[in-house]
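Asks: I'm passing along work09.txt; it holds compact mmCIF, C-alpha atoms (C1' of nucleotides).
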```
# COMPACT_ATOMS: atom_id res chain seq x y z
CA MET A 1194 103.66 52.89 17.15
CA LYS A 1195 100.60 51.06 15.94
CA GLN A 1196 97.70 50.55 18.31
CA GLU A 1197 97.09 47.21 16.62
CA LYS A 1198 100.41 45.75 17.72
CA MET A 1199 100.01 47.22 21.15
CA ASP A 1200 96.65 45.51 21.58
CA SER A 1201 98.00 42.24 20.25
CA ILE A 1202 100.75 42.31 22.83
CA LEU A 1203 98.44 43.19 25.68
CA ASP A 1204 95.81 40.66 24.68
CA THR A 1205 98.38 37.93 24.43
CA ALA A 1206 99.97 38.92 27.70
CA ARG A 1207 96.56 38.94 29.34
CA ARG A 1208 95.85 35.42 28.13
CA MET A 1209 99.22 34.13 29.25
CA PHE A 1210 99.21 35.92 32.61
CA GLY A 1211 95.67 34.69 33.17
CA ARG A 1212 96.67 31.12 32.50
CA TYR A 1213 100.11 30.84 34.08
CA GLY A 1214 100.42 33.94 36.23
CA MET A 1215 102.76 36.83 35.77
CA GLN A 1216 105.80 35.09 37.25
CA LYS A 1217 105.49 31.96 35.14
CA THR A 1218 105.14 33.75 31.85
CA SER A 1219 108.21 34.94 29.98
CA LEU A 1220 108.34 37.92 27.68
CA HIS A 1221 109.92 35.66 25.08
CA GLU A 1222 106.77 33.55 25.02
CA ILE A 1223 104.53 36.58 24.85
CA ALA A 1224 106.55 37.94 21.95
CA ARG A 1225 106.34 34.63 20.11
CA MET A 1226 102.61 34.20 20.69
CA ALA A 1227 101.88 37.79 19.76
CA ARG A 1228 104.08 37.45 16.64
CA VAL A 1229 106.14 40.41 17.67
CA ALA A 1230 109.81 40.89 18.38
CA LYS A 1231 110.79 41.00 21.99
CA ALA A 1232 112.56 44.28 21.30
CA THR A 1233 109.25 45.75 20.22
CA ILE A 1234 107.71 44.99 23.56
CA TYR A 1235 110.56 46.77 25.25
CA ASN A 1236 110.13 49.59 22.81
CA TYR A 1237 106.51 49.97 23.84
CA PHE A 1238 106.57 49.16 27.51
CA GLY A 1239 110.14 49.34 28.69
CA SER A 1240 109.82 46.49 31.18
CA LYS A 1241 107.89 43.35 32.00
CA ASP A 1242 106.49 45.04 35.09
CA GLN A 1243 105.04 47.77 32.93
CA VAL A 1244 103.39 45.22 30.66
CA TYR A 1245 101.86 43.57 33.68
CA LEU A 1246 100.63 46.84 35.14
CA GLU A 1247 99.02 47.70 31.82
CA VAL A 1248 97.29 44.31 31.63
CA LEU A 1249 96.18 44.61 35.24
CA ASN A 1250 94.83 48.06 34.59
CA ARG A 1251 92.81 46.90 31.61
CA GLU A 1252 91.52 43.91 33.53
CA VAL A 1253 90.35 46.07 36.40
CA ASN A 1254 88.61 48.41 33.97
CA ASP A 1255 86.97 45.40 32.38
CA ILE A 1256 85.74 44.03 35.67
CA ILE A 1257 84.41 47.39 36.74
CA GLU A 1258 82.59 47.78 33.45
CA LYS A 1259 81.03 44.33 33.58
CA MET A 1260 80.00 44.68 37.21
CA SER A 1261 78.39 48.04 36.55
CA ALA A 1262 76.56 46.72 33.52
CA ILE A 1263 75.14 43.73 35.36
CA VAL A 1264 74.01 45.83 38.30
CA ASP A 1265 72.40 48.34 35.95
CA GLN A 1266 70.37 45.60 34.30
CA GLU A 1267 68.51 44.85 37.51
CA LYS A 1268 65.74 47.02 38.87
CA ALA A 1269 65.19 45.94 42.45
CA PRO A 1270 67.94 47.03 44.87
CA ALA A 1271 68.00 43.66 46.63
CA GLU A 1272 68.45 41.95 43.29
CA LYS A 1273 71.14 44.45 42.33
CA LEU A 1274 73.00 43.52 45.47
CA ARG A 1275 72.67 39.82 44.76
CA VAL A 1276 73.92 39.95 41.18
CA PHE A 1277 76.67 42.33 42.20
CA LEU A 1278 78.04 39.83 44.67
CA HIS A 1279 77.91 37.02 42.15
CA ALA A 1280 79.43 39.12 39.39
CA LYS A 1281 82.24 40.38 41.58
CA PHE A 1282 83.36 36.94 42.67
CA ARG A 1283 82.77 35.43 39.26
CA TYR A 1284 84.95 37.93 37.46
CA MET A 1285 87.56 38.01 40.16
CA LYS A 1286 87.87 34.26 40.06
CA ASP A 1287 88.36 34.42 36.31
CA ALA A 1288 91.06 37.02 36.78
CA ILE A 1289 92.58 35.44 39.84
CA ASN A 1290 96.00 35.06 38.25
CA ILE A 1291 96.05 38.51 36.75
CA LEU A 1292 94.95 40.17 39.96
CA ASN A 1293 97.57 38.03 41.64
CA LEU A 1294 95.50 37.08 44.63
CA GLY A 1295 97.20 33.74 45.04
CA ARG A 1296 100.72 34.89 45.68
CA GLU A 1297 101.39 37.14 48.59
CA GLY A 1298 103.49 40.22 48.43
CA ILE A 1299 103.33 41.11 44.78
CA ASP A 1300 102.26 44.51 46.02
CA ASN A 1301 105.45 44.74 48.03
CA LEU A 1302 107.50 44.45 44.88
CA LEU A 1303 105.07 46.37 42.72
CA PRO A 1304 103.38 49.09 44.77
CA LYS A 1305 101.62 50.37 41.70
CA ALA A 1306 99.73 47.09 41.40
CA GLY A 1307 98.31 47.80 44.84
CA SER A 1308 97.00 51.18 43.83
CA ILE A 1309 95.34 49.70 40.76
CA ARG A 1310 93.57 47.17 42.94
CA ASP A 1311 92.58 50.01 45.23
CA ARG A 1312 90.79 51.53 42.29
CA LEU A 1313 88.75 48.36 41.96
CA PHE A 1314 87.93 48.46 45.64
CA SER A 1315 86.84 52.09 45.48
CA LYS A 1316 84.60 51.34 42.56
CA GLU A 1317 83.02 48.42 44.37
CA VAL A 1318 82.23 50.62 47.33
CA SER A 1319 80.81 53.22 45.00
CA ILE A 1320 78.56 50.61 43.37
CA LEU A 1321 77.45 49.39 46.76
CA HIS A 1322 76.80 52.97 47.75
CA SER A 1323 74.54 53.57 44.78
CA ILE A 1324 72.67 50.32 45.41
CA LEU A 1325 72.08 51.19 49.04
CA GLU A 1326 71.09 54.72 48.12
CA LYS A 1327 68.49 53.51 45.67
CA GLY A 1328 67.20 50.99 48.19
CA VAL A 1329 66.83 53.62 50.87
CA ALA A 1330 65.17 56.03 48.47
CA GLU A 1331 62.64 53.36 47.60
CA GLY A 1332 62.08 52.53 51.23
CA ILE A 1333 63.30 48.97 50.65
CA PHE A 1334 66.45 49.31 52.73
CA TYR A 1335 66.87 50.68 56.17
CA VAL A 1336 70.41 52.01 56.47
CA SER A 1337 71.44 54.72 58.87
CA ASN A 1338 74.72 55.68 57.25
CA ILE A 1339 74.99 54.68 53.62
CA MET A 1340 78.64 55.55 53.11
CA LEU A 1341 79.83 53.74 56.19
CA THR A 1342 77.72 50.69 55.43
CA ALA A 1343 78.94 50.53 51.85
CA ARG A 1344 82.51 50.62 53.08
CA ALA A 1345 81.80 48.02 55.72
CA ILE A 1346 80.39 45.61 53.15
CA GLY A 1347 83.27 46.41 50.83
CA TYR A 1348 85.78 45.62 53.54
CA ALA A 1349 84.04 42.40 54.40
CA LEU A 1350 84.01 41.31 50.76
CA ARG A 1351 87.68 42.13 50.45
CA GLY A 1352 88.28 39.86 53.38
CA PHE A 1353 86.30 37.08 51.73
CA GLU A 1354 88.29 37.30 48.53
CA THR A 1355 91.41 35.61 49.77
CA THR A 1356 89.44 33.25 51.97
CA TRP A 1357 87.07 32.01 49.32
CA LEU A 1358 88.56 32.46 45.88
CA LEU A 1359 91.65 30.44 46.60
CA LYS A 1360 90.36 27.40 48.41
CA GLU A 1361 86.72 26.70 47.83
CA ASN A 1362 85.13 25.43 44.66
CA ASP A 1363 82.63 27.34 42.57
CA SER A 1364 79.43 25.79 43.84
CA GLU A 1365 80.58 26.28 47.39
CA ILE A 1366 81.19 29.95 46.69
CA GLU A 1367 77.78 30.31 45.05
CA LYS A 1368 76.19 28.90 48.16
CA HIS A 1369 78.13 31.26 50.39
CA LEU A 1370 77.18 34.19 48.21
CA ASP A 1371 73.47 33.45 48.25
CA ASN A 1372 73.71 33.04 51.97
CA LEU A 1373 75.57 36.31 52.35
CA SER A 1374 73.13 38.06 50.08
CA ASP A 1375 70.28 36.85 52.24
CA ILE A 1376 72.04 37.94 55.39
CA LEU A 1377 72.76 41.39 54.08
CA CYS A 1378 69.24 41.89 52.86
CA LYS A 1379 67.50 40.57 55.92
CA GLY A 1380 69.84 42.67 58.01
CA ILE A 1381 69.14 45.72 55.92
CA LEU A 1382 65.57 45.37 54.76
CA ALA A 1383 63.29 47.76 56.58
CA ARG A 1384 60.73 46.72 59.13
CA ARG A 1385 60.75 42.99 59.45
CA LYS A 1386 59.66 41.33 62.61
CA ALA A 1387 62.73 40.52 64.74
CA THR A 1388 63.33 36.78 65.21
CA MET B 536 100.34 8.68 83.46
CA LYS B 537 100.78 11.76 85.55
CA GLN B 538 98.80 14.87 84.72
CA GLU B 539 101.78 16.89 85.83
CA LYS B 540 104.02 15.54 83.07
CA MET B 541 101.26 15.87 80.54
CA ASP B 542 100.78 19.53 81.38
CA SER B 543 104.50 20.15 81.31
CA ILE B 544 104.67 18.70 77.83
CA LEU B 545 101.70 20.62 76.55
CA ASP B 546 102.80 23.88 78.13
CA THR B 547 106.25 23.55 76.66
CA ALA B 548 104.87 22.60 73.28
CA ARG B 549 102.54 25.56 73.38
CA ARG B 550 105.41 27.92 74.10
CA MET B 551 107.57 26.46 71.33
CA PHE B 552 104.77 26.25 68.77
CA GLY B 553 103.76 29.78 69.63
CA ARG B 554 107.29 31.05 69.10
CA TYR B 555 108.49 29.05 66.12
CA GLY B 556 105.37 27.46 64.71
CA MET B 557 104.48 23.81 64.59
CA GLN B 558 106.70 23.00 61.62
CA LYS B 559 109.83 24.59 63.01
CA THR B 560 109.62 22.94 66.39
CA SER B 561 110.96 19.42 66.87
CA LEU B 562 109.72 16.92 69.37
CA HIS B 563 113.30 16.46 70.49
CA GLU B 564 113.43 20.09 71.56
CA ILE B 565 110.09 19.87 73.29
CA ALA B 566 111.21 16.79 75.15
CA ARG B 567 114.43 18.48 76.23
CA MET B 568 112.72 21.68 77.33
CA ALA B 569 109.98 19.77 79.14
CA ARG B 570 112.62 17.55 80.79
CA VAL B 571 110.90 14.47 79.54
CA ALA B 572 111.99 11.60 77.31
CA LYS B 573 110.88 11.73 73.75
CA ALA B 574 109.47 8.25 74.14
CA THR B 575 107.21 9.55 76.89
CA ILE B 576 105.66 12.03 74.54
CA TYR B 577 104.95 9.23 72.09
CA ASN B 578 103.58 7.21 74.96
CA TYR B 579 101.12 9.95 75.77
CA PHE B 580 100.23 11.34 72.39
CA GLY B 581 101.31 8.86 69.76
CA SER B 582 102.36 11.47 67.22
CA LYS B 583 103.49 15.03 66.80
CA ASP B 584 100.24 15.86 65.05
CA GLN B 585 98.33 14.75 68.10
CA VAL B 586 100.44 16.95 70.34
CA TYR B 587 99.72 19.87 68.09
CA LEU B 588 96.00 19.17 68.02
CA GLU B 589 95.95 19.02 71.78
CA VAL B 590 97.80 22.33 72.07
CA LEU B 591 95.52 23.89 69.51
CA ASN B 592 92.50 22.65 71.36
CA ARG B 593 93.69 24.13 74.64
CA GLU B 594 94.55 27.40 72.95
CA VAL B 595 91.11 27.68 71.41
CA ASN B 596 89.52 26.97 74.78
CA ASP B 597 91.73 29.65 76.29
CA ILE B 598 90.78 32.22 73.71
CA ILE B 599 87.10 31.44 74.07
CA GLU B 600 87.33 31.78 77.82
CA LYS B 601 89.18 35.09 77.69
CA MET B 602 86.86 36.54 75.06
CA SER B 603 83.80 35.56 77.05
CA ALA B 604 85.21 37.01 80.24
CA ILE B 605 86.02 40.35 78.64
CA VAL B 606 82.62 40.63 77.03
CA ASP B 607 80.92 39.75 80.31
CA GLN B 608 82.74 42.57 82.06
CA GLU B 609 81.05 45.21 79.95
CA LYS B 610 77.49 46.32 80.44
CA ALA B 611 76.51 48.24 77.31
CA PRO B 612 75.99 46.05 74.21
CA ALA B 613 77.84 48.48 71.94
CA GLU B 614 80.76 48.40 74.31
CA LYS B 615 80.57 44.61 74.49
CA LEU B 616 80.85 44.52 70.72
CA ARG B 617 83.82 46.85 70.73
CA VAL B 618 85.83 44.99 73.33
CA PHE B 619 84.92 41.68 71.72
CA LEU B 620 86.45 42.77 68.42
CA HIS B 621 89.60 43.99 70.11
CA ALA B 622 89.90 40.90 72.27
CA LYS B 623 89.37 38.54 69.39
CA PHE B 624 92.09 40.04 67.25
CA ARG B 625 94.40 40.60 70.19
CA TYR B 626 94.29 36.99 71.28
CA MET B 627 94.36 35.62 67.79
CA LYS B 628 97.42 37.66 67.01
CA ASP B 629 99.13 36.28 70.07
CA ALA B 630 98.24 32.77 68.99
CA ILE B 631 98.91 33.32 65.30
CA ASN B 632 101.53 30.59 65.12
CA ILE B 633 99.52 28.09 67.07
CA LEU B 634 96.37 28.68 65.09
CA ASN B 635 98.59 28.46 62.04
CA LEU B 636 97.05 31.33 60.15
CA GLY B 637 100.26 32.19 58.39
CA ARG B 638 100.82 29.00 56.48
CA GLU B 639 98.20 27.83 54.09
CA GLY B 640 96.95 24.31 53.86
CA ILE B 641 97.69 23.02 57.33
CA ASP B 642 94.05 22.07 57.41
CA ASN B 643 94.53 20.03 54.26
CA LEU B 644 97.08 17.88 56.00
CA LEU B 645 95.34 18.01 59.34
CA PRO B 646 91.57 18.11 58.84
CA LYS B 647 91.03 17.90 62.57
CA ALA B 648 92.75 21.23 63.02
CA GLY B 649 90.06 22.72 60.83
CA SER B 650 87.27 21.39 62.96
CA ILE B 651 88.90 22.78 66.08
CA ARG B 652 89.07 26.19 64.50
CA ASP B 653 85.45 25.78 63.52
CA ARG B 654 84.67 25.47 67.19
CA LEU B 655 86.25 28.84 67.77
CA PHE B 656 84.20 30.30 64.95
CA SER B 657 80.96 28.87 66.32
CA LYS B 658 81.70 30.30 69.72
CA GLU B 659 82.41 33.71 68.25
CA VAL B 660 79.08 33.66 66.48
CA SER B 661 77.41 32.60 69.67
CA ILE B 662 79.01 35.49 71.56
CA LEU B 663 77.96 37.89 68.84
CA HIS B 664 74.48 36.45 69.02
CA SER B 665 74.21 37.07 72.73
CA ILE B 666 75.51 40.62 72.34
CA LEU B 667 73.01 41.39 69.62
CA GLU B 668 70.24 39.78 71.59
CA LYS B 669 70.96 41.89 74.63
CA GLY B 670 71.19 45.01 72.46
CA VAL B 671 67.85 44.32 70.85
CA ALA B 672 66.22 43.53 74.18
CA GLU B 673 67.43 46.88 75.49
CA GLY B 674 66.25 48.68 72.39
CA ILE B 675 69.81 49.78 71.63
CA PHE B 676 70.18 47.67 68.50
CA TYR B 677 67.85 47.33 65.60
CA VAL B 678 68.43 43.91 64.03
CA SER B 679 65.82 42.07 62.04
CA ASN B 680 67.35 38.62 62.23
CA ILE B 681 69.80 38.16 65.07
CA MET B 682 71.11 34.75 64.10
CA LEU B 683 71.76 35.67 60.50
CA THR B 684 73.40 38.95 61.45
CA ALA B 685 75.64 37.29 64.00
CA ARG B 686 76.79 34.82 61.39
CA ALA B 687 77.31 37.56 58.84
CA ILE B 688 79.55 39.50 61.19
CA GLY B 689 81.32 36.28 62.09
CA TYR B 690 82.01 35.52 58.46
CA ALA B 691 83.25 39.01 57.82
CA LEU B 692 85.61 38.83 60.78
CA ARG B 693 86.89 35.48 59.59
CA GLY B 694 87.69 37.12 56.30
CA PHE B 695 89.55 39.92 58.04
CA GLU B 696 91.70 37.52 60.01
CA THR B 697 93.99 36.50 57.21
CA THR B 698 93.90 39.94 55.67
CA TRP B 699 94.83 41.86 58.77
CA LEU B 700 96.68 39.65 61.22
CA LEU B 701 99.41 38.73 58.81
CA LYS B 702 100.35 41.99 57.16
CA GLU B 703 99.36 45.01 59.14
CA ASN B 704 100.91 46.23 62.38
CA ASP B 705 99.13 46.45 65.68
CA SER B 706 98.21 50.12 65.68
CA GLU B 707 96.90 49.78 62.16
CA ILE B 708 94.67 46.90 63.25
CA GLU B 709 93.43 48.86 66.24
CA LYS B 710 92.43 51.67 63.93
CA HIS B 711 90.62 49.29 61.59
CA LEU B 712 88.83 47.69 64.52
CA ASP B 713 87.58 50.97 65.96
CA ASN B 714 86.45 51.92 62.50
CA LEU B 715 84.66 48.60 62.05
CA SER B 716 83.11 48.85 65.46
CA ASP B 717 81.76 52.26 64.55
CA ILE B 718 80.43 50.99 61.26
CA LEU B 719 78.70 48.04 62.82
CA CYS B 720 77.12 50.12 65.54
CA LYS B 721 75.99 52.92 63.30
CA GLY B 722 74.59 50.33 60.96
CA ILE B 723 72.83 48.53 63.76
CA LEU B 724 71.90 51.18 66.28
CA ALA B 725 68.20 51.91 66.17
CA ARG B 726 66.72 55.12 64.90
CA ARG B 727 69.48 57.39 63.80
CA LYS B 728 68.88 60.02 61.18
CA ALA B 729 70.08 58.73 57.81
CA THR B 730 73.05 60.69 56.41
C1' DA C 537 105.80 3.68 83.68
C1' DT C 538 109.85 6.27 82.32
C1' DT C 539 114.22 6.98 80.56
C1' DA C 540 118.36 7.61 77.45
C1' DG C 541 119.95 6.48 73.50
C1' DA C 542 120.59 3.83 69.25
C1' DC C 543 118.46 3.19 64.88
C1' DT C 544 115.84 3.92 60.30
C1' DA C 545 113.25 6.10 56.78
C1' DT C 546 111.57 10.61 55.47
C1' DT C 547 111.85 15.04 55.08
C1' DA C 548 114.41 19.65 55.12
C1' DT C 549 118.39 22.17 54.26
C1' DT C 550 122.42 23.51 51.94
C1' DG C 551 125.48 24.29 48.37
C1' DT C 552 126.55 23.71 43.47
C1' DT C 553 125.65 23.47 38.59
C1' DT C 554 122.64 24.38 34.69
C1' DT C 555 119.04 26.52 32.58
C1' DT C 556 115.96 30.16 32.01
C1' DT C 557 114.89 34.77 31.60
C1' DA C 558 114.82 40.03 31.82
C1' DG C 559 116.83 43.41 29.60
C1' DT C 560 120.35 45.52 25.99
C1' DC C 561 122.29 46.16 21.56
C1' DC C 562 122.78 46.04 16.67
C1' DA C 563 122.80 45.12 11.77
C1' DA C 564 119.48 43.95 8.43
C1' DA C 565 114.56 44.28 6.60
C1' DC C 566 110.41 46.42 5.97
C1' DG D 189 112.41 55.35 11.16
C1' DT D 190 110.12 51.56 13.07
C1' DT D 191 110.39 46.61 13.41
C1' DT D 192 112.82 42.46 13.47
C1' DG D 193 115.64 38.37 14.66
C1' DG D 194 119.27 37.08 16.96
C1' DA D 195 123.41 37.55 19.73
C1' DC D 196 124.76 38.84 24.19
C1' DT D 197 125.07 39.60 29.52
C1' DA D 198 123.77 39.56 34.18
C1' DA D 199 120.65 37.97 37.28
C1' DA D 200 117.25 34.85 38.77
C1' DA D 201 115.20 30.35 38.83
C1' DA D 202 115.28 25.41 38.48
C1' DA D 203 117.61 20.96 38.96
C1' DC D 204 120.45 18.27 41.23
C1' DA D 205 123.30 16.15 44.70
C1' DA D 206 125.09 15.90 49.28
C1' DT D 207 124.14 16.71 53.98
C1' DA D 208 121.75 17.31 58.06
C1' DA D 209 117.52 17.15 60.86
C1' DT D 210 113.64 14.93 62.37
C1' DA D 211 109.46 11.85 63.15
C1' DG D 212 108.78 7.71 64.82
C1' DT D 213 110.34 2.83 66.67
C1' DC D 214 112.70 -0.21 69.65
C1' DT D 215 115.38 -1.81 73.58
C1' DA D 216 117.81 -2.46 77.70
C1' DA D 217 118.16 -0.20 82.07
C1' DT D 218 115.84 2.19 85.94
```
Can I see the file as structure tokens?
Replies:
Amino acid sequence: MKQEKMDSILDTARRMFGRYGMQKTSLHEIARMARVAKATIYNYFGSKDQVYLEVLNREVNDIIEKMSAIVDQEKAPAEKLRVFLHAKFRYMKDAINILNLGREGIDNLLPKAGSIRDRLFSKEVSILHSILEKGVAEGIFYVSNIMLTARAIGYALRGFETTWLLKENDSEIEKHLDNLSDILCKGILARRKAT
Amino acid sequence: MKQEKMDSILDTARRMFGRYGMQKTSLHEIARMARVAKATIYNYFGSKDQVYLEVLNREVNDIIEKMSAIVDQEKAPAEKLRVFLHAKFRYMKDAINILNLGREGIDNLLPKAGSIRDRLFSKEVSILHSILEKGVAEGIFYVSNIMLTARAIGYALRGFETTWLLKENDSEIEKHLDNLSDILCKGILARRKAT
DNA sequence: ATTAGACTATTATTGTTTTTTAGTCCAAAC
DNA sequence: GTTTGGACTAAAAAACAATAATAGTCTAAT
């Protein structure tokens, strides 16, 4: 069982799933594109669902890694928050077919997919938490309960996902995000004169 | 053109649309149930779309009125916020078929439906604004920019609509709402010790 | 002004046939 | 002993055709 073949399969599957979605991609195609026998895929993964779950898992890890990296690059908490928002929606839009946000009820058929996405959500909240924490420590943010606020923002963002990613175009989303970033900051930033 | 007939048509249409959705209700049925000739409906409204828009418009007015009334009944801003959230989701769930939240892309075919729903959104923001304003005036809330915060909460709620109303059951939603209410208040309430 | 009903052109629905695809198996090749 | 190509089956999806339902119009009667 060579890691090389395994990666080739998963990379190919990721590309195909990303382009056509899990439903519209056949294992036969994946096998052909990955230059591997279909039987090999079944040898490794046992089922198409398992291949998908593996791809989804990797994708989520990827997104988490990239988001974390981008947030780490920034110093100022407010800026961290801003780039986090942009990164999150940017990467999620890229992976929209893999994450399967378009179709409803993939989680019904594949409960494990739901728990993988939950991992992404948890990580987002944890990133938000660390941003808020840093902001409060520096006296930039005024937040009474960091954990609750992080979860609140996380929930709100989760809501936005389906609303924004599917319908609106990129520039529209960017506008919304900057707006939201402003709102969050001006709602959170300590000691500004009330309007 | 008697108002009586008009109301009968719209009331019947509202009941049918609410039960089966706009798509699954035929004008023939509406006419039969409203004890009116189909031609009369076309005389009054010109098209099925127009009937739907009229019903939607009335429904939105209804929801706005009920939400406002419930919020007005409460004294404490925090309590106003809580009952507002519950009322909003309660009434929207009741009107889920009329508002056409389930199906995607009704707004694409009927742009006017979108603008009617926008009216509902604006009103929600305006209610939130007045709640926040009162809270700040009383020193209960600490909000740096009332308008921006009201819109932020409004946006978040809009995101939750599709996420919650469609999938989750009532008691689950209630739980989420109480949670959200808590989060909002503890994030907004002035001068609590940070956790 | 309103009605019942006939009428048409689209649009949904239904049922049937064909094709595709997930998954298995195996004999040959590496 | 792992991998491969291909043959195979059962189930799902797509394509198609036939049928029914429906939005919208028109008319003669009330």
Asks: Atom C1' of DA540 of chain C to atom CA of Lys559 of chain B: how many Å, to one decimal?
Replies: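 According to the coordinates, atom C1' of DA540 of chain C and atom CA of Lys559 of chain B are separated by 23.9 Å.
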Asks: So what do you get for atom CA of Met1209 of chain A versus atom CA of Asp1255 of chain A, distance-wise?
Replies: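 If I compute the distance from atom CA of Met1209 of chain A to atom CA of Asp1255 of chain A, I get 16.9 Å.
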Asks: How close does each residue of chain A get to chain D, giving the shortest atom pair and distance in Å to one decimal for every residue with an atom at most 9 Å away, counting all atoms listed in the file, sorted by chain and residue number, as CSV?
Replies:
```
residue,atom,partner,partner_atom,distance
A:Met1194,CA,D:DT190,C1',7.8
A:Val1229,CA,D:DT192,C1',8.2
A:Ala1230,CA,D:DT192,C1',6.0
A:Lys1231,CA,D:DT192,C1',8.9
A:Ala1232,CA,D:DT192,C1',8.0
A:Thr1233,CA,D:DT191,C1',7.0
```
Asks: Report the distance between atom CA of His621 of chain B and atom CA of Thr1356 of chain A in Å, rounded to one decimal place.
Replies: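 That distance, rounded to one decimal, is 21.1 Å.
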Asks: How close does each residue of chain C get to chain A, giving the shortest atom pair and distance in Å to one decimal for every residue with an atom at most 8 Å away, counting all atoms listed in the file, sorted by chain and residue number, as JSON lines?
Replies:
```
{"residue": "C:DT557", "atom": "C1'", "partner": "A:Ser1219", "partner_atom": "CA", "distance": 6.9}
{"residue": "C:DA558", "atom": "C1'", "partner": "A:Lys1241", "partner_atom": "CA", "distance": 7.7}
{"residue": "C:DG559", "atom": "C1'", "partner": "A:Ser1240", "partner_atom": "CA", "distance": 7.8}
```
Asks: Using all atoms listed in the file, which residue out of B:Leu700, B:Ala691, B:Ile666, B:Ile708 lies closest to chain A?
Replies: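 Checking each candidate against chain A, we get B:Ala691 as the closest.
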Asks: Could you check which of B:Asp584, B:Glu564, B:Glu594, B:Asp717 is closest to chain A, using all atoms listed in the file?
Replies: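 The shortest atom-to-atom distance to chain A comes from B:Asp717.
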Asks: Got a sec to check which residues sit within 10 Å of (98.9, 44.8, 40.7), counting all atoms listed in the file, and write them as a PyMOL selection string?
Replies: chain A and resi 1242+1245-1250+1253+1291-1294+1299-1311
Asks: Give the answer as one residue: which of B:Ile598, B:Ala566, B:Val618, B:Val678 has the shortest atom-to-atom distance to chain A, using only C-alpha atoms?
Replies: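 For chain A, the nearest of the given residues is B:Val678.
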Asks: Need the shell around Arg554 of chain B: protein/DNA/RNA residues with any atom at most 10 Å away, counting all atoms listed in the file. Skip same-chain ones fewer than 2 positions apart. Format as number ranges by chain?
Replies: B: 548-552, 556-557, 559-560, 629-633
Asks: Which residue out of B:Val671, B:Ile565, B:Ile688, B:Leu683 has the minimum interatomic distance to chain A when all atoms listed in the file are used?
Replies: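 Comparing B:Val671, B:Ile565, B:Ile688, B:Leu683 against chain A, the winner is B:Leu683.
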Asks: Which protein, DNA or RNA residues are at most 7 Å from (106.4, 17.8, 78.1) in the file's coordinates when you count all atoms listed in the file, listed as a ChimeraX atom specification?
Replies: /B:540-545,547-548,565-566,569-571,576
Asks: When you look at Lys1273 of chain A with a cut-off of 12 Å (counting all atoms listed in the file), what residues show up, excluding the ones that are within fewer than 3 positions of it in the same chain? I need them as a PDB file with C-alpha atoms, in the coordinates of the input.
Replies:
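Contents of out_32.pdb, freshly written:
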```pdb
ATOM      1  CA  MET A1260      80.000  44.680  37.210  1.00  0.00           C
ATOM      2  CA  SER A1261      78.390  48.040  36.550  1.00  0.00           C
ATOM      3  CA  ALA A1262      76.560  46.720  33.520  1.00  0.00           C
ATOM      4  CA  ILE A1263      75.140  43.730  35.360  1.00  0.00           C
ATOM      5  CA  VAL A1264      74.010  45.830  38.300  1.00  0.00           C
ATOM      6  CA  ASP A1265      72.400  48.340  35.950  1.00  0.00           C
ATOM      7  CA  GLN A1266      70.370  45.600  34.300  1.00  0.00           C
ATOM      8  CA  GLU A1267      68.510  44.850  37.510  1.00  0.00           C
ATOM      9  CA  LYS A1268      65.740  47.020  38.870  1.00  0.00           C
ATOM     10  CA  ALA A1269      65.190  45.940  42.450  1.00  0.00           C
ATOM     11  CA  PRO A1270      67.940  47.030  44.870  1.00  0.00           C
ATOM     12  CA  VAL A1276      73.920  39.950  41.180  1.00  0.00           C
ATOM     13  CA  PHE A1277      76.670  42.330  42.200  1.00  0.00           C
ATOM     14  CA  LEU A1278      78.040  39.830  44.670  1.00  0.00           C
ATOM     15  CA  HIS A1279      77.910  37.020  42.150  1.00  0.00           C
ATOM     16  CA  ALA A1280      79.430  39.120  39.390  1.00  0.00           C
ATOM     17  CA  LYS A1281      82.240  40.380  41.580  1.00  0.00           C
ATOM     18  CA  ILE A1320      78.560  50.610  43.370  1.00  0.00           C
ATOM     19  CA  LEU A1321      77.450  49.390  46.760  1.00  0.00           C
ATOM     20  CA  HIS A1322      76.800  52.970  47.750  1.00  0.00           C
ATOM     21  CA  SER A1323      74.540  53.570  44.780  1.00  0.00           C
ATOM     22  CA  ILE A1324      72.670  50.320  45.410  1.00  0.00           C
ATOM     23  CA  LEU A1325      72.080  51.190  49.040  1.00  0.00           C
ATOM     24  CA  GLU A1326      71.090  54.720  48.120  1.00  0.00           C
ATOM     25  CA  LYS A1327      68.490  53.510  45.670  1.00  0.00           C
ATOM     26  CA  GLY A1328      67.200  50.990  48.190  1.00  0.00           C
ATOM     27  CA  SER A1374      73.130  38.060  50.080  1.00  0.00           C
ATOM     28  CA  CYS A1378      69.240  41.890  52.860  1.00  0.00           C
TER      29      CYS A1378
END
```
